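In what follows, a structure is listed as structure tokens, so that the remarks can point back to it.
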There are 2 protein chains.
Amino acid sequence: ETKDVAEVVVSDPLPSWNDGDIKKAIMAYVEDVTNSSSANFIPVADRIATFDNDGTLWSEQPVYFQFYFAVSRVKAMAADHPEWKNKQPFKAILENDMEALMAQGEKGLLEIVMTTHAGTTTDEFEALVSDWIATAEHPIKKKKFKELVFQPMLELLDYLRANDFKTFIVSGGGIEFMRPWTEEVYNIPKDQVVGSSIQTEYEYNDGKPFIKRLPKLDLNDDKEGKPVGINRYIGRKPVFAAGNSDGDLQMLRWTDANKLKTFKLYVHHTDSIREWAYDRTSHVGKFDKALDEAGEKGWSIASMKDDWNIIYPFDKE
Amino acid sequence: ETKDVAEVVVSDPLPSWNDGDIKKAIMAYVEDVTNSSSANFIPVADRIATFDNDGTLWSEQPVYFQFYFAVSRVKAMAADHPEWKNKQPFKAILENDMEALMAQGEKGLLEIVMTTHAGTTTDEFEALVSDWIATAEHPIKKKKFKELVFQPMLELLDYLRANDFKTFIVSGGGIEFMRPWTEEVYNIPKDQVVGSSIQTEYEYNDGKPFIKRLPKLDLNDDKEGKPVGINRYIGRKPVFAAGNSDGDLQMLRWTDANKLKTFKLYVHHTDSIREWAYDRTSHVGKFDKALDEAGEKGWSIASMKDDWNIIYPFDKE
Ligand SMILES: [Ca+2]
Ligand SMILES: [Ca+2]
């Protein structure tokens, strides 16, 4: 029996990655650990891959996209809160005064998130996020936020899944902010999303059950919280992990502690033209200690400028 | 082309279930919601099935099996705790005095669980459970605990998965007590196990990360805690849920609140010969309010005596 050449040529699973060291290393790793005759073979149940979201799967400049959602909520809720006109941090948002807002610091940001993310039922909050993500646009890129995802990372997710890896998001962002759209955008089901969470409470009134969102932090899924979240939700160490900042250092160390062969990947924002360029001194996605440690330990650092031939899916056109 | 009769006969997916109303209702439901031309069709992403563990997937008499694990830990740890000889509830355990132990009440049981389940790293605790479950035997049945699982429920799990349902455990039992063996016994991966949990903390010493188990409750995944756990871990309402006691009532109500077509199943322990018979007055697996409500609402109640032709996998021989 003869085969057409086209039939035996294996198509490139990572076409948006340039043929450099990082792409080669990823493919060599996957081919090794899925080869049942390799000493590094990993059983399917252990093929856990965890991905940070902000700055790793989608952009995060000039501020985390979840913040724009919170701002839209403050504006929508303002009619019921006339006192916000004279009360920070809400006043700054209503007056579009970014400088005054930033002056409120972390405490101000936390107050905005708690005010806008709690107080609803889980069903109501899901509807609010779904409505927002369907249409909301990035103020600089003039694209929908959900279009600002990285095409090379979408290909990497697909490639890992095609090799029986189970892909998870492990993000400092809100779990219930991500779940309404991760299936559509990343092909990652809701139960494979790990994120920061607030406490909830079950209630039952007039024969109807609902879950209320409370203004109390449950899990801060960032830094030390990432291994805690991975243990809570996944129950085993990953073999593959990708991040972009100091917030991912503990996740990558936790992955590296796996006895199985592992792959640790950082995305380095080096492309000031097509995306943004930032690392050690950025207020968003600071990449400093983790950049040093990755260098020392020989973990993989993908440069957006050099390793990716396109950034966003719409660049394909 | 002709086909052998054997090729076209569809084999029975639930052979350990007698041909009664419950089996018929389960199969009619699955055939309906997986039929793409049915008005009740459920997309694959929404095919979430949640199962209680104790008394639903395996036995739970005379006490929850996790308690035997805790007792074995008390005995193993006793050498380092000479004071336990004169201190309840430990004294009762070391003297095999069940009556004195029960007299300690819930507070005593909680103290035993906290003492035996916290204080280790997650890796150490997993090893302790794995070692125990591999050999520990039930004192009355004289079988390994992991053999005392319900064959009809194993078939139901397989049948649902064959129809693209994602199967989860949602148990009041400890999440880290179940995860080491649910893959082997139920074919349910660790990240699809929801259970009660204690708080944890990430530490990093000498370049080595680990997660410490703390003596503080995190989630009590029982009663009102089950919908909270489902929301936390799964992020959507189930369409199929199975339980056996009042502790599952809220999970089944939460399932029933799904806008999609749902199936609510209770396992009723009615077989005093082959397993145990108990319900309204049992200290373990009390089935009282939930039994009444299931009757009123027409939810399915499987009688172990009448609906199951075998109980355990070893009965097949
Ligand atoms: Ca990030
Ligand atoms: Ca139960």
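Following the order of the structure tokens, first chain is A, next is B, and so on, with residues numbered from 1 inside each chain and ligands from 1 in the order they appear.
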Would you give me, as a tab-separated table, each residue of chain B having an atom within 6 Å of an atom of ligand 2, along with its shortest atom pair and that distance in Å to one decimal, using only C-alpha atoms and all ligand atoms and sorting by chain and residue number?
residue	atom	partner	partner_atom_place_in_ligand_line	distance
B:Asp52	CA	ligand 2	1 (Ca)	5.6
B:Asn53	CA	ligand 2	1 (Ca)	5.8
B:Asp54	CA	ligand 2	1 (Ca)	4.2
B:Gly55	CA	ligand 2	1 (Ca)	4.6
B:Thr56	CA	ligand 2	1 (Ca)	5.7
B:Gly243	CA	ligand 2	1 (Ca)	5.9
B:Asn244	CA	ligand 2	1 (Ca)	5.1
B:Ser245	CA	ligand 2	1 (Ca)	5.5
B:Gly285	CA	ligand 2	1 (Ca)	5.5
Saved selection, atoms kept: C-alpha atoms, as a PDB file, in the first residue's frame:
ATOM      1  CA  ASP B  52     -22.168  11.325  47.372  1.00  0.00           C
ATOM      2  CA  ASN B  53     -19.638   8.709  48.556  1.00  0.00           C
ATOM      3  CA  ASP B  54     -20.430   7.182  51.991  1.00  0.00           C
ATOM      4  CA  GLY B  55     -23.554   5.048  51.665  1.00  0.00           C
ATOM      5  CA  THR B  56     -23.962   5.949  47.975  1.00  0.00           C
ATOM      6  CA  GLY B 243     -27.100  10.511  47.478  1.00  0.00           C
ATOM      7  CA  ASN B 244     -28.442   8.410  50.313  1.00  0.00           C
ATOM      8  CA  SER B 245     -29.204  10.662  53.280  1.00  0.00           C
ATOM      9  CA  GLY B 285     -26.592   8.105  56.973  1.00  0.00           C
TER      10      GLY B 285
END
Take chain A, superimpose it onto chain B by least squares using every C-alpha atom paired in sequence order, and output the result as a compact mmCIF listing (two decimals) with C-alpha atoms, in the first residue's frame.
# COMPACT_ATOMS: atom_id res chain seq x y z
CA GLU A 1 -24.32 -6.02 3.94
CA THR A 2 -25.65 -8.33 6.64
CA LYS A 3 -24.87 -8.15 10.32
CA ASP A 4 -24.64 -10.87 12.86
CA VAL A 5 -27.41 -10.60 15.44
CA ALA A 6 -24.75 -10.35 18.16
CA GLU A 7 -23.46 -7.20 16.50
CA VAL A 8 -26.71 -5.30 16.69
CA VAL A 9 -27.83 -6.39 20.14
CA VAL A 10 -26.87 -3.62 22.54
CA SER A 11 -25.49 -5.10 25.71
CA ASP A 12 -27.08 -4.11 29.02
CA PRO A 13 -25.03 -1.27 30.56
CA LEU A 14 -26.54 -1.87 34.01
CA PRO A 15 -26.56 -5.67 34.47
CA SER A 16 -26.53 -5.51 38.29
CA TRP A 17 -29.74 -3.47 38.30
CA ASN A 18 -33.00 -5.41 38.21
CA ASP A 19 -35.39 -4.45 35.41
CA GLY A 20 -37.59 -2.20 37.52
CA ASP A 21 -38.83 1.38 37.46
CA ILE A 22 -35.54 2.93 38.63
CA LYS A 23 -33.36 1.28 36.00
CA LYS A 24 -35.92 2.14 33.31
CA ALA A 25 -36.08 5.74 34.47
CA ILE A 26 -32.29 6.17 34.50
CA MET A 27 -31.93 4.76 30.99
CA ALA A 28 -34.87 6.72 29.61
CA TYR A 29 -33.35 9.90 31.05
CA VAL A 30 -29.90 9.30 29.57
CA GLU A 31 -31.32 8.33 26.18
CA ASP A 32 -33.49 11.46 26.15
CA VAL A 33 -30.89 14.06 27.15
CA THR A 34 -28.18 12.67 24.85
CA ASN A 35 -30.48 12.58 21.83
CA SER A 36 -29.61 15.66 19.79
CA SER A 37 -33.10 15.84 18.32
CA SER A 38 -34.79 15.82 21.73
CA ALA A 39 -36.13 19.03 23.26
CA ASN A 40 -34.34 17.90 26.44
CA PHE A 41 -30.93 17.51 24.79
CA ILE A 42 -28.05 18.53 27.09
CA PRO A 43 -24.76 19.78 25.61
CA VAL A 44 -21.75 17.75 26.74
CA ALA A 45 -20.28 20.60 28.83
CA ASP A 46 -23.42 20.58 30.99
CA ARG A 47 -23.47 16.82 31.59
CA ILE A 48 -22.28 17.05 35.19
CA ALA A 49 -23.09 14.12 37.48
CA THR A 50 -22.36 14.31 41.22
CA PHE A 51 -22.25 11.37 43.59
CA ASP A 52 -22.14 11.31 47.36
CA ASN A 53 -19.62 8.71 48.55
CA ASP A 54 -20.41 7.18 51.98
CA GLY A 55 -23.53 5.04 51.65
CA THR A 56 -23.94 5.93 47.97
CA LEU A 57 -20.81 4.49 46.33
CA TRP A 58 -19.58 2.33 49.21
CA SER A 59 -20.93 1.11 52.55
CA GLU A 60 -20.83 3.24 55.71
CA GLN A 61 -21.80 0.90 58.56
CA PRO A 62 -21.27 0.54 61.47
CA VAL A 63 -19.45 3.90 61.16
CA TYR A 64 -17.99 5.93 58.26
CA PHE A 65 -14.91 4.10 56.97
CA GLN A 66 -12.77 7.21 57.32
CA PHE A 67 -13.18 6.79 61.06
CA TYR A 68 -11.29 3.47 60.95
CA PHE A 69 -8.45 5.29 59.23
CA ALA A 70 -8.43 7.90 62.00
CA VAL A 71 -8.39 5.17 64.64
CA SER A 72 -5.45 3.48 62.95
CA ARG A 73 -3.64 6.82 62.99
CA VAL A 74 -4.32 7.33 66.72
CA LYS A 75 -2.84 3.91 67.44
CA ALA A 76 0.19 4.57 65.24
CA MET A 77 0.78 7.99 66.84
CA ALA A 78 0.19 6.83 70.43
CA ALA A 79 3.85 6.04 71.16
CA ASP A 80 4.66 9.75 70.71
CA HIS A 81 1.69 10.78 72.88
CA PRO A 82 1.91 8.94 76.23
CA GLU A 83 -0.62 11.45 77.66
CA TRP A 84 -3.35 9.90 75.46
CA LYS A 85 -3.52 6.88 77.79
CA ASN A 86 -5.44 9.06 80.23
CA LYS A 87 -7.03 11.57 77.89
CA GLN A 88 -10.34 11.26 76.08
CA PRO A 89 -11.24 10.71 73.32
CA PHE A 90 -7.88 9.01 72.69
CA LYS A 91 -8.09 6.78 75.78
CA ALA A 92 -11.30 5.22 74.48
CA ILE A 93 -9.69 4.39 71.14
CA LEU A 94 -6.56 2.93 72.66
CA GLU A 95 -8.73 0.74 74.92
CA ASN A 96 -11.06 -0.21 72.02
CA ASP A 97 -13.93 1.13 74.12
CA MET A 98 -16.55 2.11 71.55
CA GLU A 99 -19.11 3.07 74.15
CA ALA A 100 -16.78 5.55 75.88
CA LEU A 101 -15.79 6.88 72.48
CA MET A 102 -19.37 7.53 71.40
CA ALA A 103 -19.96 9.29 74.73
CA GLN A 104 -17.43 11.94 73.59
CA GLY A 105 -19.93 13.05 70.96
CA GLU A 106 -19.25 15.10 67.83
CA LYS A 107 -16.64 17.20 69.61
CA GLY A 108 -14.60 14.11 70.41
CA LEU A 109 -14.84 12.81 66.85
CA LEU A 110 -13.79 16.18 65.43
CA GLU A 111 -10.80 16.24 67.78
CA ILE A 112 -9.75 12.80 66.55
CA VAL A 113 -10.03 13.80 62.92
CA MET A 114 -8.12 17.07 63.41
CA THR A 115 -5.38 15.37 65.42
CA THR A 116 -4.92 12.56 62.92
CA HIS A 117 -5.50 14.47 59.66
CA ALA A 118 -3.51 17.68 60.27
CA GLY A 119 0.13 18.27 61.10
CA THR A 120 1.57 16.48 58.09
CA THR A 121 2.47 17.72 54.62
CA THR A 122 0.05 16.90 51.81
CA ASP A 123 2.57 14.41 50.37
CA GLU A 124 2.94 12.64 53.71
CA PHE A 125 -0.82 12.45 54.24
CA GLU A 126 -1.36 10.98 50.77
CA ALA A 127 1.19 8.26 51.53
CA LEU A 128 -0.53 7.44 54.86
CA VAL A 129 -3.93 7.06 53.18
CA SER A 130 -2.52 5.05 50.27
CA ASP A 131 -0.79 2.61 52.63
CA TRP A 132 -3.92 2.21 54.74
CA ILE A 133 -6.43 1.72 51.92
CA ALA A 134 -4.22 -0.91 50.26
CA THR A 135 -4.67 -3.35 53.12
CA ALA A 136 -7.21 -2.19 55.74
CA GLU A 137 -10.14 -4.55 56.28
CA HIS A 138 -13.70 -4.02 57.44
CA PRO A 139 -14.16 -5.58 60.92
CA ILE A 140 -17.49 -7.27 60.10
CA LYS A 141 -17.38 -7.95 56.37
CA LYS A 142 -13.74 -9.13 56.51
CA LYS A 143 -13.11 -7.54 53.12
CA LYS A 144 -10.90 -4.61 52.27
CA PHE A 145 -12.79 -1.32 52.62
CA LYS A 146 -12.11 -0.55 48.98
CA GLU A 147 -13.85 -3.79 47.99
CA LEU A 148 -17.07 -2.67 49.73
CA VAL A 149 -18.14 -0.48 46.81
CA PHE A 150 -21.49 -0.95 45.12
CA GLN A 151 -21.28 -2.78 41.81
CA PRO A 152 -24.56 -1.24 40.50
CA MET A 153 -23.16 2.24 41.15
CA LEU A 154 -19.86 1.42 39.41
CA GLU A 155 -21.95 0.41 36.40
CA LEU A 156 -23.96 3.63 36.64
CA LEU A 157 -20.76 5.71 36.71
CA ASP A 158 -19.45 3.86 33.64
CA TYR A 159 -22.77 4.22 31.84
CA LEU A 160 -22.91 7.97 32.43
CA ARG A 161 -19.28 8.43 31.34
CA ALA A 162 -19.95 6.38 28.19
CA ASN A 163 -22.62 9.00 27.48
CA ASP A 164 -20.18 11.89 27.98
CA PHE A 165 -21.23 12.80 31.50
CA LYS A 166 -18.39 14.06 33.69
CA THR A 167 -18.62 12.23 37.02
CA PHE A 168 -17.73 13.88 40.33
CA ILE A 169 -17.73 12.79 43.95
CA VAL A 170 -19.31 15.31 46.34
CA SER A 171 -18.86 13.91 49.81
CA GLY A 172 -18.89 15.00 53.43
CA GLY A 173 -15.77 12.84 53.79
CA GLY A 174 -12.31 14.32 53.61
CA ILE A 175 -11.17 15.32 50.13
CA GLU A 176 -7.59 14.25 50.82
CA PHE A 177 -8.80 10.99 52.36
CA MET A 178 -10.58 10.11 49.09
CA ARG A 179 -8.27 11.36 46.36
CA PRO A 180 -5.51 8.74 46.81
CA TRP A 181 -7.82 5.90 45.76
CA THR A 182 -10.81 7.27 43.78
CA GLU A 183 -8.97 6.86 40.47
CA GLU A 184 -8.29 3.19 41.04
CA VAL A 185 -11.65 2.34 42.62
CA TYR A 186 -14.18 4.59 40.81
CA ASN A 187 -12.21 5.78 37.77
CA ILE A 188 -12.75 9.34 39.06
CA PRO A 189 -9.67 11.58 38.86
CA LYS A 190 -8.46 13.53 41.87
CA ASP A 191 -9.58 16.87 40.47
CA GLN A 192 -13.15 15.53 40.20
CA VAL A 193 -13.36 14.81 43.94
CA VAL A 194 -15.11 17.37 46.16
CA GLY A 195 -15.06 16.83 49.91
CA SER A 196 -14.58 18.35 53.31
CA SER A 197 -11.22 20.02 53.70
CA ILE A 198 -8.89 21.58 56.22
CA GLN A 199 -6.82 24.69 55.61
CA THR A 200 -3.32 24.42 54.19
CA GLU A 201 -0.26 26.61 53.92
CA TYR A 202 2.56 26.73 51.37
CA GLU A 203 6.11 26.78 52.71
CA TYR A 204 9.50 26.87 51.06
CA ASN A 205 12.59 25.75 52.95
CA ASP A 206 16.08 24.99 51.64
CA GLY A 207 14.82 25.26 48.08
CA LYS A 208 12.05 22.73 48.72
CA PRO A 209 8.35 23.62 48.56
CA PHE A 210 5.73 21.77 50.56
CA ILE A 211 2.16 22.27 51.75
CA LYS A 212 1.32 21.90 55.43
CA ARG A 213 -2.05 20.66 56.65
CA LEU A 214 -3.43 22.88 59.43
CA PRO A 215 -5.89 21.92 62.21
CA LYS A 216 -8.55 24.34 60.95
CA LEU A 217 -11.68 23.48 59.01
CA ASP A 218 -11.90 24.92 55.49
CA LEU A 219 -15.07 23.48 53.90
CA ASN A 220 -17.64 21.24 55.61
CA ASP A 221 -18.93 19.59 52.45
CA ASP A 222 -22.17 18.29 53.89
CA LYS A 223 -25.79 19.53 53.75
CA GLU A 224 -25.67 23.28 52.85
CA GLY A 225 -21.95 22.79 52.21
CA LYS A 226 -22.59 20.50 49.23
CA PRO A 227 -24.01 23.17 46.88
CA VAL A 228 -21.24 25.49 48.12
CA GLY A 229 -18.65 22.82 47.29
CA ILE A 230 -20.25 22.15 43.90
CA ASN A 231 -20.15 25.86 43.09
CA ARG A 232 -16.56 26.17 44.29
CA TYR A 233 -15.15 23.14 42.46
CA ILE A 234 -17.44 22.58 39.49
CA GLY A 235 -18.94 26.01 38.84
CA ARG A 236 -22.25 24.81 37.41
CA LYS A 237 -25.30 22.97 38.66
CA PRO A 238 -25.31 19.19 38.09
CA VAL A 239 -27.93 17.56 35.88
CA PHE A 240 -27.62 14.21 37.66
CA ALA A 241 -27.08 13.73 41.39
CA ALA A 242 -27.11 10.70 43.67
CA GLY A 243 -27.09 10.49 47.45
CA ASN A 244 -28.42 8.38 50.29
CA SER A 245 -29.19 10.63 53.25
CA ASP A 246 -30.43 13.95 54.61
CA GLY A 247 -26.90 15.25 54.00
CA ASP A 248 -27.62 15.12 50.27
CA LEU A 249 -30.93 16.99 50.32
CA GLN A 250 -29.38 20.37 49.48
CA MET A 251 -27.30 18.86 46.66
CA LEU A 252 -30.38 17.32 45.10
CA ARG A 253 -32.36 20.56 45.46
CA TRP A 254 -29.46 22.44 43.82
CA THR A 255 -29.51 19.91 40.99
CA ASP A 256 -33.30 20.20 40.67
CA ALA A 257 -32.90 23.99 40.26
CA ASN A 258 -30.99 23.43 37.00
CA LYS A 259 -33.01 24.63 34.01
CA LEU A 260 -31.92 21.56 32.08
CA LYS A 261 -33.66 18.22 32.58
CA THR A 262 -32.32 16.57 35.72
CA PHE A 263 -32.28 13.23 37.50
CA LYS A 264 -32.27 12.93 41.28
CA LEU A 265 -31.45 9.52 42.77
CA TYR A 266 -31.37 8.25 46.33
CA VAL A 267 -29.95 4.89 47.36
CA HIS A 268 -32.12 3.40 50.11
CA HIS A 269 -30.39 0.91 52.43
CA THR A 270 -33.07 -1.79 52.62
CA ASP A 271 -31.04 -4.97 52.57
CA SER A 272 -30.30 -6.26 56.06
CA ILE A 273 -28.94 -9.53 54.70
CA ARG A 274 -26.54 -8.51 51.94
CA GLU A 275 -25.66 -5.04 53.31
CA TRP A 276 -27.47 -3.11 56.08
CA ALA A 277 -31.02 -1.82 56.48
CA TYR A 278 -31.43 1.66 58.02
CA ASP A 279 -32.94 5.06 57.34
CA ARG A 280 -34.92 7.44 59.60
CA THR A 281 -33.24 6.74 62.93
CA SER A 282 -29.73 5.76 61.93
CA HIS A 283 -26.77 7.62 63.47
CA VAL A 284 -24.90 7.12 60.20
CA GLY A 285 -26.57 8.09 56.94
CA LYS A 286 -29.84 9.27 58.48
CA PHE A 287 -32.47 9.29 55.70
CA ASP A 288 -35.59 10.98 57.00
CA LYS A 289 -36.51 14.46 55.72
CA ALA A 290 -34.90 13.64 52.39
CA LEU A 291 -36.92 10.42 52.15
CA ASP A 292 -40.15 12.35 52.68
CA GLU A 293 -39.25 15.08 50.20
CA ALA A 294 -38.16 12.55 47.56
CA GLY A 295 -41.55 10.90 47.88
CA GLU A 296 -43.42 14.19 47.61
CA LYS A 297 -41.43 15.36 44.59
CA GLY A 298 -41.28 12.03 42.80
CA TRP A 299 -37.49 11.78 42.90
CA SER A 300 -36.06 8.29 42.36
CA ILE A 301 -35.40 6.00 45.32
CA ALA A 302 -33.46 2.84 44.55
CA SER A 303 -34.05 0.05 47.04
CA MET A 304 -30.89 -1.98 47.47
CA LYS A 305 -32.94 -5.07 48.24
CA ASP A 306 -35.27 -4.81 45.27
CA ASP A 307 -33.35 -2.90 42.61
CA TRP A 308 -29.90 -4.45 42.89
CA ASN A 309 -29.26 -8.10 42.05
CA ILE A 310 -25.77 -7.93 43.52
CA ILE A 311 -24.25 -5.45 45.95
CA TYR A 312 -20.45 -5.75 45.81
CA PRO A 313 -18.13 -6.61 42.90
CA PHE A 314 -17.02 -9.80 44.69
CA ASP A 315 -20.65 -11.02 44.66
CA LYS A 316 -20.26 -11.65 40.93
CA GLU A 317 -18.29 -14.83 41.61
Exercise for review: Run DSSP on the backbone of this structure and report the residues of region 81-269 of chain B it assigns to helix (DSSP H, G or I), as a VMD selection string.
Suggested key: chain B and resid 82 to 86 90 to 94 98 to 103 105 to 117 122 to 135 145 to 147 151 to 162 175 to 186 190 to 192 225 to 233 246 to 256
Point to revise | region 33-212 of chain B: residues DSSP assigns to strand (DSSP E or B), reported as a ChimeraX atom specification | key: /B:48-51,54,58,121,137,144,149,166-174,193-205,208-212
Can I get the selected residues back with N, CA and C atoms, as a compact mmCIF listing (two decimals), in the first residue's frame?
# COMPACT_ATOMS: atom_id res chain seq x y z
N ILE B 48 -23.03 17.21 33.92
CA ILE B 48 -22.32 17.08 35.18
C ILE B 48 -23.12 16.15 36.10
N ALA B 49 -22.48 15.09 36.56
CA ALA B 49 -23.13 14.14 37.48
C ALA B 49 -22.35 14.10 38.78
N THR B 50 -23.05 14.31 39.91
CA THR B 50 -22.37 14.34 41.22
C THR B 50 -22.89 13.21 42.10
N PHE B 51 -21.95 12.54 42.76
CA PHE B 51 -22.26 11.39 43.61
C PHE B 51 -21.72 11.60 45.01
N ASP B 54 -20.06 8.11 50.91
CA ASP B 54 -20.43 7.18 51.99
C ASP B 54 -21.90 6.79 51.90
N TRP B 58 -20.08 3.47 48.39
CA TRP B 58 -19.60 2.35 49.20
C TRP B 58 -20.36 2.34 50.52
N THR B 121 2.52 17.05 55.90
CA THR B 121 2.45 17.70 54.59
C THR B 121 1.42 16.94 53.75
N GLU B 137 -8.96 -3.72 56.42
CA GLU B 137 -10.15 -4.56 56.25
C GLU B 137 -11.30 -4.11 57.15
N LYS B 144 -11.54 -5.93 52.24
CA LYS B 144 -10.93 -4.60 52.23
C LYS B 144 -12.02 -3.55 52.09
N VAL B 149 -17.54 -1.46 47.69
CA VAL B 149 -18.18 -0.47 46.82
C VAL B 149 -19.33 -1.15 46.10
N LYS B 166 -19.64 13.97 32.88
CA LYS B 166 -18.42 14.09 33.68
C LYS B 166 -18.84 13.76 35.11
N THR B 167 -18.23 12.73 35.69
CA THR B 167 -18.66 12.25 37.01
C THR B 167 -17.77 12.81 38.12
N PHE B 168 -18.43 13.31 39.16
CA PHE B 168 -17.76 13.90 40.32
C PHE B 168 -18.23 13.21 41.60
N ILE B 169 -17.34 13.16 42.58
CA ILE B 169 -17.76 12.81 43.94
C ILE B 169 -17.98 14.12 44.69
N VAL B 170 -19.08 14.20 45.45
CA VAL B 170 -19.33 15.33 46.34
C VAL B 170 -19.72 14.75 47.69
N SER B 171 -18.73 14.69 48.58
CA SER B 171 -18.88 13.92 49.82
C SER B 171 -18.59 14.75 51.06
N GLY B 172 -19.26 14.41 52.15
CA GLY B 172 -18.90 15.00 53.44
C GLY B 172 -17.56 14.49 53.95
N GLY B 173 -17.07 13.40 53.38
CA GLY B 173 -15.78 12.83 53.77
C GLY B 173 -14.64 13.74 53.35
N GLY B 174 -13.45 13.46 53.88
CA GLY B 174 -12.30 14.31 53.61
C GLY B 174 -11.82 14.19 52.17
N VAL B 193 -12.95 15.19 42.57
CA VAL B 193 -13.38 14.82 43.91
C VAL B 193 -13.59 16.10 44.74
N VAL B 194 -14.79 16.27 45.26
CA VAL B 194 -15.12 17.39 46.14
C VAL B 194 -15.42 16.79 47.51
N GLY B 195 -14.81 17.36 48.56
CA GLY B 195 -15.05 16.81 49.89
C GLY B 195 -14.76 17.85 50.95
N SER B 196 -14.93 17.45 52.20
CA SER B 196 -14.59 18.35 53.28
C SER B 196 -13.08 18.54 53.31
N SER B 197 -12.67 19.74 53.73
CA SER B 197 -11.23 20.01 53.68
C SER B 197 -10.80 20.81 54.90
N ILE B 198 -9.50 20.71 55.19
CA ILE B 198 -8.91 21.57 56.20
C ILE B 198 -7.99 22.57 55.49
N GLN B 199 -7.65 23.63 56.20
CA GLN B 199 -6.83 24.67 55.59
C GLN B 199 -5.38 24.18 55.41
N THR B 200 -4.71 24.79 54.45
CA THR B 200 -3.33 24.41 54.16
C THR B 200 -2.48 25.67 53.98
N GLU B 201 -1.18 25.46 54.00
CA GLU B 201 -0.25 26.59 53.88
C GLU B 201 0.97 26.14 53.09
N TYR B 202 1.37 26.97 52.14
CA TYR B 202 2.56 26.69 51.33
C TYR B 202 3.82 27.15 52.06
N GLU B 203 4.82 26.30 52.10
CA GLU B 203 6.12 26.72 52.66
C GLU B 203 7.24 26.34 51.72
N TYR B 204 8.35 27.04 51.89
CA TYR B 204 9.50 26.82 51.00
C TYR B 204 10.76 26.89 51.86
N ASN B 205 11.38 25.74 52.06
CA ASN B 205 12.59 25.69 52.89
C ASN B 205 13.72 24.98 52.15
N LYS B 208 13.06 23.70 48.86
CA LYS B 208 12.03 22.67 48.66
C LYS B 208 10.66 23.18 49.09
N PRO B 209 9.69 23.15 48.16
CA PRO B 209 8.34 23.57 48.51
C PRO B 209 7.53 22.42 49.11
N PHE B 210 6.70 22.73 50.07
CA PHE B 210 5.72 21.73 50.54
C PHE B 210 4.48 22.45 51.05
N ILE B 211 3.41 21.67 51.23
CA ILE B 211 2.16 22.24 51.71
C ILE B 211 1.79 21.55 53.02
N LYS B 212 1.62 22.37 54.04
CA LYS B 212 1.33 21.88 55.39
C LYS B 212 -0.17 21.84 55.64
